[in-house]
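One file, target.cif, is given below (mmCIF, C-alpha atoms).
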data_structure
loop_
_atom_site.label_atom_id
_atom_site.label_comp_id
_atom_site.auth_asym_id
_atom_site.auth_seq_id
_atom_site.Cartn_x
_atom_site.Cartn_y
_atom_site.Cartn_z
CA MET A 1 0.00 0.00 0.00
CA PRO A 2 1.55 3.35 -1.04
CA GLY A 3 2.55 5.60 1.81
CA VAL A 4 2.60 2.90 4.49
CA ARG A 5 5.67 3.13 6.71
CA THR A 6 7.30 0.12 8.36
CA LEU A 7 9.37 0.71 11.49
CA ASP A 8 12.66 -1.15 11.74
CA LEU A 9 12.74 -3.36 14.85
CA ASP A 10 16.48 -2.84 15.39
CA LEU A 11 16.01 0.91 15.32
CA LEU A 12 13.08 0.68 17.74
CA ARG A 13 15.12 -1.51 20.10
CA CYS A 14 17.94 1.03 20.01
CA PHE A 15 15.46 3.87 20.71
CA VAL A 16 13.82 2.05 23.65
CA THR A 17 17.18 1.07 25.15
CA ILE A 18 18.42 4.67 25.04
CA ALA A 19 15.19 5.86 26.66
CA GLU A 20 15.52 3.25 29.43
CA THR A 21 19.21 3.79 30.14
CA GLY A 22 19.23 7.56 29.60
CA SER A 23 22.48 7.37 27.69
CA PHE A 24 23.79 6.53 24.21
CA THR A 25 26.87 5.02 25.85
CA ARG A 26 24.95 2.75 28.24
CA ALA A 27 22.59 1.73 25.44
CA GLY A 28 25.60 0.74 23.35
CA GLU A 29 26.97 -1.33 26.22
CA ARG A 30 23.66 -3.17 26.64
CA LEU A 31 23.24 -3.79 22.91
CA GLY A 32 26.89 -4.57 22.21
CA ARG A 33 27.32 -1.68 19.79
CA THR A 34 29.58 1.34 19.57
CA GLN A 35 28.32 4.80 20.44
CA SER A 36 28.74 5.87 16.80
CA THR A 37 26.54 2.98 15.68
CA ILE A 38 23.91 3.95 18.24
CA SER A 39 23.98 7.56 17.01
CA LEU A 40 23.61 6.39 13.42
CA GLN A 41 20.62 4.21 14.28
CA VAL A 42 18.89 7.10 16.02
CA LYS A 43 19.52 9.26 12.96
CA ARG A 44 18.03 6.58 10.70
CA LEU A 45 14.94 6.25 12.93
CA GLU A 46 14.42 10.01 12.97
CA GLU A 47 14.78 10.08 9.18
CA GLN A 48 12.16 7.31 8.86
CA LEU A 49 9.77 9.19 11.14
CA GLY A 50 10.52 12.63 9.75
CA ARG A 51 10.88 14.04 13.25
CA ALA A 52 13.27 14.04 16.22
CA VAL A 53 12.77 11.60 19.10
CA PHE A 54 15.50 12.91 21.43
CA LEU A 55 16.56 16.32 22.68
CA ARG A 56 20.34 16.26 23.07
CA THR A 57 22.72 18.73 24.71
CA PRO A 58 26.30 18.16 25.90
CA ARG A 59 24.96 17.53 29.43
CA SER A 60 21.49 16.09 29.01
CA LEU A 61 19.33 13.70 27.03
CA SER A 62 15.54 13.64 27.01
CA LEU A 63 12.66 12.52 24.84
CA THR A 64 10.85 14.96 22.58
CA PRO A 65 7.03 14.96 22.74
CA GLU A 66 7.09 12.71 19.66
CA GLY A 67 9.57 10.42 21.40
CA GLU A 68 7.30 10.20 24.44
CA ARG A 69 4.39 9.15 22.21
CA LEU A 70 6.51 6.56 20.42
CA LEU A 71 7.96 4.92 23.54
CA GLY A 72 4.88 2.96 24.66
CA PRO A 73 3.98 1.54 21.23
CA ALA A 74 7.65 0.76 20.54
CA ARG A 75 7.86 -1.31 23.73
CA GLN A 76 4.69 -3.18 22.78
CA ILE A 77 6.01 -3.96 19.30
CA LEU A 78 9.29 -5.28 20.70
CA ARG A 79 7.53 -7.41 23.31
CA LEU A 80 5.32 -9.00 20.68
CA ASN A 81 8.36 -9.69 18.52
CA ASP A 82 10.38 -11.13 21.40
CA ALA A 83 7.45 -13.26 22.59
CA ALA A 84 6.99 -14.69 19.10
CA ILE A 85 10.70 -15.50 18.79
CA ALA A 86 10.72 -17.11 22.22
CA GLU A 87 7.67 -19.21 21.38
CA LEU A 88 9.23 -20.48 18.15
CA PHE A 89 12.91 -20.77 18.96
CA GLU A 90 13.41 -20.80 22.74
CA PRO A 91 11.28 -23.63 24.17
CA ASP A 92 14.28 -25.03 26.01
CA MET A 93 15.59 -21.77 27.44
CA MET A 94 17.95 -22.43 30.33
CA GLY A 95 20.48 -20.77 32.59
CA ARG A 96 20.72 -19.03 35.95
CA VAL A 97 19.55 -15.46 36.54
CA ARG A 98 20.65 -13.54 39.65
CA ILE A 99 18.03 -11.07 40.84
CA GLY A 100 18.27 -8.40 43.52
CA VAL A 101 15.02 -7.05 44.95
CA PRO A 102 13.72 -5.10 47.98
CA GLU A 103 12.20 -7.46 50.54
CA ASP A 104 8.73 -5.92 50.62
CA PHE A 105 8.37 -6.06 46.85
CA ALA A 106 9.71 -9.60 46.75
CA THR A 107 7.15 -10.65 49.34
CA ALA A 108 4.11 -9.02 47.77
CA HIS A 109 4.51 -9.07 44.01
CA LEU A 110 7.47 -10.98 42.63
CA PRO A 111 6.77 -14.65 43.55
CA ALA A 112 3.78 -15.01 41.21
CA VAL A 113 5.67 -13.31 38.39
CA LEU A 114 8.67 -15.62 38.74
CA ALA A 115 6.44 -18.68 39.12
CA ALA A 116 4.74 -17.97 35.80
CA PHE A 117 8.11 -17.66 34.05
CA ALA A 118 9.40 -20.83 35.71
CA LYS A 119 6.35 -22.76 34.53
CA ALA A 120 7.00 -21.70 30.93
CA HIS A 121 10.77 -22.23 31.19
CA PRO A 122 11.43 -25.00 33.76
CA LEU A 123 15.16 -25.20 32.97
CA VAL A 124 15.80 -21.61 34.11
CA GLU A 125 17.13 -21.18 37.66
CA PHE A 126 16.58 -18.08 39.82
CA GLU A 127 18.88 -16.77 42.53
CA VAL A 128 16.95 -14.05 44.38
CA THR A 129 18.58 -11.78 46.98
CA CYS A 130 16.61 -9.33 49.14
CA ASP A 131 18.28 -6.19 50.51
CA LEU A 132 17.93 -2.43 50.86
CA THR A 133 17.81 -0.51 47.58
CA LEU A 134 21.12 1.32 47.95
CA ASN A 135 22.88 -1.90 48.90
CA LEU A 136 21.33 -3.63 45.90
CA LEU A 137 22.55 -0.86 43.60
CA ASP A 138 26.09 -1.05 45.00
CA ARG A 139 26.20 -4.82 44.52
CA PHE A 140 24.64 -4.57 41.07
CA HIS A 141 27.36 -2.21 39.89
CA GLU A 142 29.93 -4.63 41.33
CA GLY A 143 28.50 -7.37 39.08
CA ALA A 144 26.59 -9.36 41.71
CA PHE A 145 23.24 -9.34 39.86
CA ASP A 146 21.93 -9.83 36.33
CA LEU A 147 18.72 -7.96 37.12
CA VAL A 148 17.91 -5.62 39.97
CA LEU A 149 14.62 -4.07 41.09
CA VAL A 150 15.16 -0.87 43.05
CA LYS A 151 13.06 1.80 44.73
CA ARG A 152 13.46 5.32 43.42
CA GLU A 153 11.81 8.73 43.42
CA PRO A 154 9.29 9.05 40.56
CA SER A 155 11.03 12.21 39.34
CA ALA A 156 14.49 10.61 39.31
CA ARG A 157 16.35 10.47 36.01
CA LEU A 158 18.05 7.16 36.64
CA GLU A 159 18.89 4.09 34.64
CA GLY A 160 16.31 1.37 34.30
CA VAL A 161 12.66 1.17 33.33
CA ARG A 162 9.76 1.81 35.71
CA VAL A 163 7.75 -1.34 36.41
CA TRP A 164 5.61 -0.31 39.39
CA ARG A 165 4.29 2.80 41.05
CA GLU A 166 1.93 3.20 43.99
CA PRO A 167 1.23 5.52 46.93
CA LEU A 168 3.06 5.28 50.23
CA VAL A 169 1.09 5.47 53.48
CA TRP A 170 1.79 5.76 57.18
CA VAL A 171 1.03 2.45 58.91
CA ALA A 172 0.18 1.90 62.59
CA ARG A 173 -1.40 -0.72 64.85
CA ASP A 174 -4.64 1.29 64.85
CA GLN A 175 -5.96 4.81 64.35
CA LEU A 176 -5.10 5.81 67.92
CA ALA A 177 -1.47 4.70 67.79
CA VAL A 178 -0.05 8.21 67.32
CA ALA A 179 -2.93 10.28 68.68
CA GLY A 180 -1.71 13.03 71.00
CA LEU A 181 1.98 12.09 70.71
CA GLU A 182 4.34 15.05 70.66
CA THR A 183 7.08 13.01 69.00
CA VAL A 184 6.39 10.42 66.27
CA PRO A 185 8.02 7.02 67.06
CA LEU A 186 9.30 5.52 63.81
CA VAL A 187 9.79 1.86 62.98
CA VAL A 188 12.32 1.81 60.15
CA SER A 189 14.95 -0.19 58.34
CA PRO A 190 18.63 0.65 58.86
CA GLU A 191 20.17 3.34 56.70
CA PRO A 192 20.31 3.52 53.74
CA CYS A 193 16.56 3.03 53.20
CA VAL A 194 14.30 4.90 50.77
CA TYR A 195 11.20 4.62 52.99
CA ARG A 196 13.11 5.74 56.09
CA LYS A 197 14.40 8.81 54.26
CA ARG A 198 10.93 9.54 52.86
CA ALA A 199 9.38 9.42 56.36
CA VAL A 200 12.04 11.60 57.96
CA ASP A 201 12.03 14.16 55.14
CA ALA A 202 8.23 14.43 55.24
CA LEU A 203 8.16 15.00 59.01
CA ASP A 204 11.04 17.47 58.89
CA ALA A 205 9.29 19.42 56.13
CA VAL A 206 6.32 20.17 58.40
CA GLY A 207 8.36 20.56 61.59
CA ARG A 208 6.96 17.44 63.26
CA LYS A 209 9.25 15.90 65.90
CA TRP A 210 10.24 12.27 65.45
CA ARG A 211 12.51 9.60 66.88
CA VAL A 212 13.64 6.18 65.74
CA ALA A 213 11.87 3.80 68.12
CA TYR A 214 12.69 0.48 66.43
CA THR A 215 15.07 -0.55 63.68
CA SER A 216 14.73 -3.89 61.89
CA THR A 217 16.52 -5.39 58.93
CA SER A 218 13.45 -7.47 57.98
CA LEU A 219 9.95 -6.57 56.83
CA ALA A 220 8.44 -9.10 59.24
CA GLY A 221 10.36 -7.58 62.16
CA SER A 222 9.16 -4.07 61.31
CA GLN A 223 5.55 -5.19 61.00
CA SER A 224 5.73 -7.05 64.32
CA ALA A 225 7.07 -3.94 66.03
CA VAL A 226 4.26 -1.82 64.61
CA ASN A 227 1.69 -4.45 65.61
CA ALA A 228 3.08 -4.36 69.15
CA GLY A 229 2.46 -0.62 69.29
CA LEU A 230 6.12 0.41 69.33
CA GLY A 231 5.70 2.98 66.58
CA ILE A 232 4.56 3.64 63.02
CA THR A 233 6.18 2.87 59.69
CA VAL A 234 5.84 3.63 55.99
CA LEU A 235 4.73 1.07 53.39
CA PRO A 236 3.27 1.00 49.89
CA ARG A 237 -0.52 0.99 50.23
CA GLU A 238 -0.97 -2.47 48.66
CA MET A 239 1.61 -4.01 50.99
CA VAL A 240 -0.12 -3.12 54.27
CA PRO A 241 -1.01 -6.41 56.03
CA PRO A 242 -4.62 -6.84 57.20
CA TYR A 243 -3.70 -6.68 60.90
CA LEU A 244 -2.23 -3.16 60.54
CA THR A 245 -3.97 0.13 59.74
CA PRO A 246 -3.03 2.70 57.10
CA ILE A 247 -3.21 6.20 58.62
CA THR A 248 -4.52 8.45 55.87
CA ASN A 249 -6.51 11.15 57.67
CA ASP A 250 -4.25 12.31 60.51
CA PRO A 251 -3.57 16.05 60.01
CA ALA A 252 -0.41 15.73 62.11
CA LEU A 253 1.16 13.31 59.63
CA PRO A 254 2.22 14.83 56.30
CA PRO A 255 1.27 13.17 52.99
CA LEU A 256 3.80 10.87 51.37
CA TYR A 257 4.66 10.86 47.69
CA ASP A 258 4.35 7.78 45.49
CA THR A 259 7.02 5.13 45.44
CA GLU A 260 8.43 3.72 42.22
CA ILE A 261 10.17 0.45 41.39
CA ALA A 262 12.59 0.35 38.46
CA LEU A 263 14.14 -2.67 36.74
CA ILE A 264 17.77 -2.45 35.62
CA GLU A 265 19.51 -4.97 33.36
CA ALA A 266 23.23 -5.64 33.63
CA PRO A 267 25.42 -4.93 30.58
CA GLY A 268 25.93 -8.04 28.47
CA LEU A 269 22.87 -9.72 29.95
CA SER A 270 22.15 -13.21 28.61
CA GLN A 271 19.17 -13.83 26.35
CA THR A 272 17.56 -15.75 29.20
CA GLY A 273 18.01 -12.81 31.54
CA HIS A 274 16.64 -10.38 28.98
CA ARG A 275 13.56 -12.54 28.39
CA LEU A 276 12.95 -12.68 32.14
CA ALA A 277 13.29 -8.88 32.34
CA GLN A 278 10.71 -8.44 29.59
CA HIS A 279 8.41 -10.92 31.35
CA ILE A 280 8.67 -8.98 34.63
CA ILE A 281 7.92 -5.66 32.92
CA GLU A 282 4.91 -7.05 31.05
CA ALA A 283 3.52 -8.96 34.04
CA LEU A 284 3.74 -5.99 36.41
CA GLU A 285 2.25 -3.58 33.88
CA LYS A 286 -0.74 -5.95 33.53
CA GLY A 287 -0.98 -6.19 37.32
#

Reformat the file's structure so that it appears as structure tokens.
Amino acid sequence: MPGVRTLDLDLLRCFVTIAETGSFTRAGERLGRTQSTISLQVKRLEEQLGRAVFLRTPRSLSLTPEGERLLGPARQILRLNDAAIAELFEPDMMGRVRIGVPEDFATAHLPAVLAAFAKAHPLVEFEVTCDLTLNLLDRFHEGAFDLVLVKREPSARLEGVRVWREPLVWVARDQLAVAGLETVPLVVSPEPCVYRKRAVDALDAVGRKWRVAYTSTSLAGSQSAVNAGLGITVLPREMVPPYLTPITNDPALPPLYDTEIALIEAPGLSQTGHRLAQHIIEALEKG
């Protein structure tokens, strides 16, 4: 049909990888290509589209409005392509994938996602490690993980692709747990911890006094401390257990901004690892 345009899958994959990594250099490392090749592919894509998809300066890289509109459909096209290839040519996919993940997310969301992948690819082995986000990032950059899921601020311009976002809430034993208290007792994880920092920053911003009442390295330990009435904590809304109470209408507690989980792939990731990453992204987006 005259006038119909066909988008090149390699060019779309290059575009999506740059958008996810925020860098031509990091995209080249992930795709195994030189920076000049990456630049050439972006130029070819922009020529095909007749418009720019990136705004580039010596110090920054961002998507144009047209690039923002292209990103979602481009990801869908690549997922359909990769799923078709996997169905036809990768029935016996195998290997070991090392995954780093925050404990609360691993407890609430990840098991079902991994179970579905394991059912489809029974020869693939998972090695899952739970830790604090900043520790996971340090170990990831040291080569300890193939994939890492990390908490980050929604406005952060960091590597990786967002796979989950939801509101954070204050959590207590019951509605009366912090009523009339001059100083807020916090149940937190050890530093560094994204939720701990979020709680402290929010209280400091409104001048509310606080103290660390209980520190636990485990999610179960923190929840037990809150259930015992030792203090309050911060959790994503969907991860609040039924025996605890989200505090959403206390004027003395400031609102908390959303939390975001991003997935980062290691450079030179195996095909098995990349397929698992795509599965995680797709499964969580559907969830």

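Put simply, the PyMOL selection byres ((chain A and resi 104-114) around 9) on this file hits Val101, Pro102, Glu103, Ala115, Ala116, Phe117, Ala118, Lys119, Phe126, Val128, Cys130, Leu149, Ser218, Leu219, Leu235, Pro236, Glu238, Met239, Ile261, Leu276, His279, Ile280, Ala283 and Leu284 of chain A.
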
Decode the PyMOL selection byres ((chain A and resi 71) around 12) for the given file into explicit residues and return them as a short mmCIF file (atom, residue, chain, number, x, y, z; two decimals) with C-alpha atoms, in the coordinates of the input.
data_model
loop_
_atom_site.label_atom_id
_atom_site.label_comp_id
_atom_site.auth_asym_id
_atom_site.auth_seq_id
_atom_site.Cartn_x
_atom_site.Cartn_y
_atom_site.Cartn_z
CA LEU A 12 13.08 0.68 17.74
CA ARG A 13 15.12 -1.51 20.10
CA CYS A 14 17.94 1.03 20.01
CA PHE A 15 15.46 3.87 20.71
CA VAL A 16 13.82 2.05 23.65
CA THR A 17 17.18 1.07 25.15
CA ILE A 18 18.42 4.67 25.04
CA ALA A 19 15.19 5.86 26.66
CA GLU A 20 15.52 3.25 29.43
CA VAL A 53 12.77 11.60 19.10
CA PHE A 54 15.50 12.91 21.43
CA LEU A 63 12.66 12.52 24.84
CA THR A 64 10.85 14.96 22.58
CA PRO A 65 7.03 14.96 22.74
CA GLU A 66 7.09 12.71 19.66
CA GLY A 67 9.57 10.42 21.40
CA GLU A 68 7.30 10.20 24.44
CA ARG A 69 4.39 9.15 22.21
CA LEU A 70 6.51 6.56 20.42
CA GLY A 72 4.88 2.96 24.66
CA PRO A 73 3.98 1.54 21.23
CA ALA A 74 7.65 0.76 20.54
CA ARG A 75 7.86 -1.31 23.73
CA GLN A 76 4.69 -3.18 22.78
CA ILE A 77 6.01 -3.96 19.30
CA LEU A 78 9.29 -5.28 20.70
CA VAL A 161 12.66 1.17 33.33
#

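Atom pair atom CA of Gly100 of chain A / atom CA of Asp131 of chain A has a distance of 7.3 Å (rounded to one decimal).
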
List the neighbours of Tyr243 of chain A out to 12 Å using all atoms listed in the file; skip same-chain residues closer than 3 positions along the sequence, and give me the result as a PDB file with C-alpha atoms, in the coordinates of the input.
ATOM      1  CA  VAL A 171       1.030   2.450  58.910  1.00  0.00           C
ATOM      2  CA  ALA A 172       0.180   1.900  62.590  1.00  0.00           C
ATOM      3  CA  ARG A 173      -1.400  -0.720  64.850  1.00  0.00           C
ATOM      4  CA  ASP A 174      -4.640   1.290  64.850  1.00  0.00           C
ATOM      5  CA  GLN A 223       5.550  -5.190  61.000  1.00  0.00           C
ATOM      6  CA  SER A 224       5.730  -7.050  64.320  1.00  0.00           C
ATOM      7  CA  VAL A 226       4.260  -1.820  64.610  1.00  0.00           C
ATOM      8  CA  ASN A 227       1.690  -4.450  65.610  1.00  0.00           C
ATOM      9  CA  ALA A 228       3.080  -4.360  69.150  1.00  0.00           C
ATOM     10  CA  MET A 239       1.610  -4.010  50.990  1.00  0.00           C
ATOM     11  CA  VAL A 240      -0.120  -3.120  54.270  1.00  0.00           C
ATOM     12  CA  PRO A 246      -3.030   2.700  57.100  1.00  0.00           C
TER      13      PRO A 246
END

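The interatomic distance for the pair atom CA of Arg26 of chain A and atom CA of Ile264 of chain A works out to 11.5 Å.
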
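Candidate residues A:Gly229, A:Gly273, A:Pro58, A:Gly268 were compared for distance to Gly28 of chain A, and the nearest is A:Gly268, using only C-alpha atoms.
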
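Take the PyMOL selection byres ((chain A and resi 201-208) around 9) and apply it to this file: it picks Glu182, Thr183, Val184, Arg196, Lys197, Arg198, Ala199, Val200, Lys209, Trp210, Ala252, Leu253, Pro254, Pro255 and Leu256 of chain A.
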
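Straight-line separation from atom CA of Thr233 of chain A to atom CA of Phe145 of chain A: 28.9 Å.
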
Exercise. Given the choices A:Leu7, A:Gly22, A:Met94, A:Thr215, which gets closest to Ser60 of chain A if the distance is worked out from all atoms listed in the file?
Worked result: A:Gly22

For this session: Scan for residues within 12 Å of the point (17.3, 7.7, 13.0) in the coordinates of the file, using all atoms listed in the file, and reply as a PyMOL selection string.
Result: chain A and resi 7-8+10-15+37-54+67

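Nearest to Ala220 of chain A of all the residues A:Cys193, A:Asp250, A:Val188, A:Ala266 is A:Val188, counting only C-alpha atoms.
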
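Checking A:Val97, A:Ala177, A:Ala144, A:Leu168 one by one against Ala277 of chain A, counting only C-alpha atoms, you find the shortest gap at A:Val97.
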
Seminar exercise, completed: Of A:Ala225, A:Val148, A:Leu136, A:Ile247, the one nearest to Ala179 of chain A when counting all atoms listed in the file is A:Ile247
